[in-house]
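Chemist: Following this message is one structure expressed as structure tokens.
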Amino acid sequence: MLESLLEALQFSPNNIPLKIQVAKLYIDQGDFTEAEQHLIEVLNIESTHKQAKFILATCFYKQNKIPAALVLLEEITSNSSDIKHLELLCYCQLNQKDIAEAQKTYQVILSIDPSYSNEDFDQYMKVSTTPDADFTDEDALSFISKSDASFSDVGGMDLVKEEISLKIIKPLQHQDLYKAYGKKIGGGILLYGPPGCGKTHLAKATAGEINASFINVGINDILDMWIGSSERNLHEIFEVARKNKPCVIFIDEIDALGANRNDVNKTAGRTVINQFLAELDGLESDNDGILVLGATNAPWYLDPAFRRPGRFDRIIFVSPPDAEAREAIFNIHLKQKPTDPIDYKSLAKASKEFSGADIMAAIDIAVEHKLQASFKDGIPKPLSTKDILKGIKKSKPTTKEWFRSAKNYALYANDGGLYDDILDYLKLTK
């Protein structure tokens with residue numbers, strides 16, 4: 001049959017149904033390369049052919065070309081209710097270990113067909129197969145810890161520490177004064193800035209400063225494929241915090257949870273945001289003594305309702321460390337390592353625009369070089385300023401890419417001067 005169809009194609013080279021049938025026969029034989037070629041030819045003839053895109057995505061998936069498959073699938077599933085398309089998208093997301101996105105896709109499939117089941121998805125996403133399974137107190141308590149970090153462990157960031165102190169630490173130290181003025185103890189602070197600049201570390205240090213319970217939750221701990229479960233998870237986390245005051249709840253990548261409701265197509269996504277806002281408001285509960293710290297690299301995607309008074313009413317830009325802060329960060333990370341006398345000012349000068357994570361990466365490069373030298377006799381060789389400068393030279397600041405995007409938002413979408421701190425950092429005026 002394949003030979004006959006290939007012969008027919010010679011007389012009708014632009015026959016799309018014929019080419020698709022040939023591609024399917026090649027797939028049946030396991031020849032994905034030939035199938036891919038015919039499908040690409042179909043798309044060259046008709047670029048919007050959805051069936052060809054799906055079969056091509058299947059070919060890519062079978063050949064482990066997952067990023068290419070994802071590009072096609074994200075396009076054809078944007079307005080699709082075809083379960084086969086969504087199922088393949090979910091498999092690709094799992095292959096890339098993007099569990100949060102896979103759970104969202106699985107939830108969409110279940111909203112289309114509540115009777116749908118897939119053991120692979122249940123196994124790899126580690127979600128319950130019972131829609132009524134609740135997030136228990138025991139589950140939430142596993143997130144609670146006491147932080148042993150403090151502000152002394154955070155290099156620089158003096159202005160950020162001062163703002164957090166005013167919002168969190170001082171109210172706990174002077175509770176009677178705050179109550180006299182009718183000020184609540186707690187609230188929300190949103191930390192934003194380029195990745196690797198210490199937002200998570202700062203949250204842990206904040207909890208350590210006030211000897212508070214610390215609940216560190218990721219998006220995967222909250223979002224669940226079952227409708228209603230994400231909302232219950234959020235409620236239970238806040239309830240556990242209310243039973244363990246004072247308590248700091250830290251939510252990283254909060255933009256994934258609190259995306260602008262105008263941009264959220266699925267009703268389930270909007271209800272999660274509404275639940276989160278209700279928990280922040282504490283309309284039916286006492287949130288006094290609870291601080292919610294949110295961290296994001298993309299504050300422009302957050303729903304504006306998050307910035308209302310009583311929610312995340314304090315928004316703090318966590319910039320890359322300045323020269324003084326970089327000195328402190330190098331000092332903190334080199335303190336427990338064998339070193340010669342270190343010229344910290346030279347290191348700070350050479351690492352301009354580096355984030356805290358970039359500095360750690362540069363130190364790791366220097367350490368690896370010294371380890372190789374130490375293998376010969378088993379004696380640790382001390383790190384020198386020259387060693388670390390070489391590590392810095394081999395590294396590149398990862399903050400530049402973030403500022404390229406942030407600059408556009410700060411210049412053209414800066415409602416109420418929200419991103420003035422970015423403009424100040426870049427020495428720009430709107």
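Each chain in the structure tokens gets a letter, A, B, ..., in the order shown, and its residues are numbered from 1; ligands are numbered from 1 in order too.
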Please provide as a count of residues only all residues within 8 Å of range 183-191 of chain A, with the sequence filter that same-chain residues fewer than 2 positions apart are discarded (counting only C-alpha atoms).

Modeler: 31

Chemist: Just list the residues in range 2-230 of chain A DSSP gives strand (DSSP E or B) on the backbone, as a list in words.

Modeler: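 Of range 2-230 of chain A, only Ile144, Ser145, Lys146, Gly186, Gly187, Gly188, Ile189, Leu190, Leu191, Tyr192, Ser213, Phe214, Ile215, Asn216 and Val217 of chain A fall in strand (DSSP E or B).
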
Chemist: Deliver the residues from the most recent selection as a file, using C-alpha atoms, as a PDB file, in the first residue's frame.

Modeler:
ATOM      1  CA  ILE A 144       6.250  24.113  59.138  1.00  0.00           C
ATOM      2  CA  SER A 145       9.781  24.703  60.327  1.00  0.00           C
ATOM      3  CA  LYS A 146      11.796  27.112  62.415  1.00  0.00           C
ATOM      4  CA  GLY A 186       0.999  40.941  59.771  1.00  0.00           C
ATOM      5  CA  GLY A 187      -0.091  41.435  56.204  1.00  0.00           C
ATOM      6  CA  GLY A 188       1.545  40.790  52.889  1.00  0.00           C
ATOM      7  CA  ILE A 189       4.819  41.748  51.261  1.00  0.00           C
ATOM      8  CA  LEU A 190       5.641  41.027  47.635  1.00  0.00           C
ATOM      9  CA  LEU A 191       9.311  40.617  46.783  1.00  0.00           C
ATOM     10  CA  TYR A 192      10.150  40.954  43.113  1.00  0.00           C
ATOM     11  CA  SER A 213       7.000  29.477  62.382  1.00  0.00           C
ATOM     12  CA  PHE A 214       7.959  29.295  58.721  1.00  0.00           C
ATOM     13  CA  ILE A 215       5.801  27.656  56.059  1.00  0.00           C
ATOM     14  CA  ASN A 216       7.547  27.381  52.693  1.00  0.00           C
ATOM     15  CA  VAL A 217       5.061  26.279  50.041  1.00  0.00           C
TER      16      VAL A 217
END

Chemist: From the set A:Asp322, A:Asp358, A:Glu209, A:Asp252, which residue has the shortest atom-to-atom contact distance to Asp221 in chain A, counting only C-alpha atoms?

Modeler: A:Asp252

Chemist: Could you give me, as a PyMOL selection string, the residues within 12 Å of Leu426 in chain A, counting only C-alpha atoms and dropping anything in the same chain fewer than 2 positions from it?

Modeler: chain A and resi 319-320+353+400+403-404+406-408+410-411+419-424+428-430

Chemist: For Pro341 in chain A, list every protein, DNA or RNA residue within 10 Å, evaluated using only C-alpha atoms, and leave out those in the same chain fewer than 4 positions away; present the list as a ChimeraX atom specification.

Modeler: /A:382-385

Chemist: Kindly save the residues from that selection, with C-alpha atoms included, as an mmCIF file, in the first residue's frame.

Modeler:
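Listing of out.cif after writing:
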data_model
loop_
_atom_site.group_PDB
_atom_site.id
_atom_site.type_symbol
_atom_site.label_atom_id
_atom_site.label_comp_id
_atom_site.auth_asym_id
_atom_site.auth_seq_id
_atom_site.Cartn_x
_atom_site.Cartn_y
_atom_site.Cartn_z
ATOM 1 C CA PRO A 382 43.421 27.398 50.028
ATOM 2 C CA LEU A 383 41.394 29.588 47.690
ATOM 3 C CA SER A 384 43.070 32.834 46.664
ATOM 4 C CA THR A 385 41.650 36.067 45.299
#
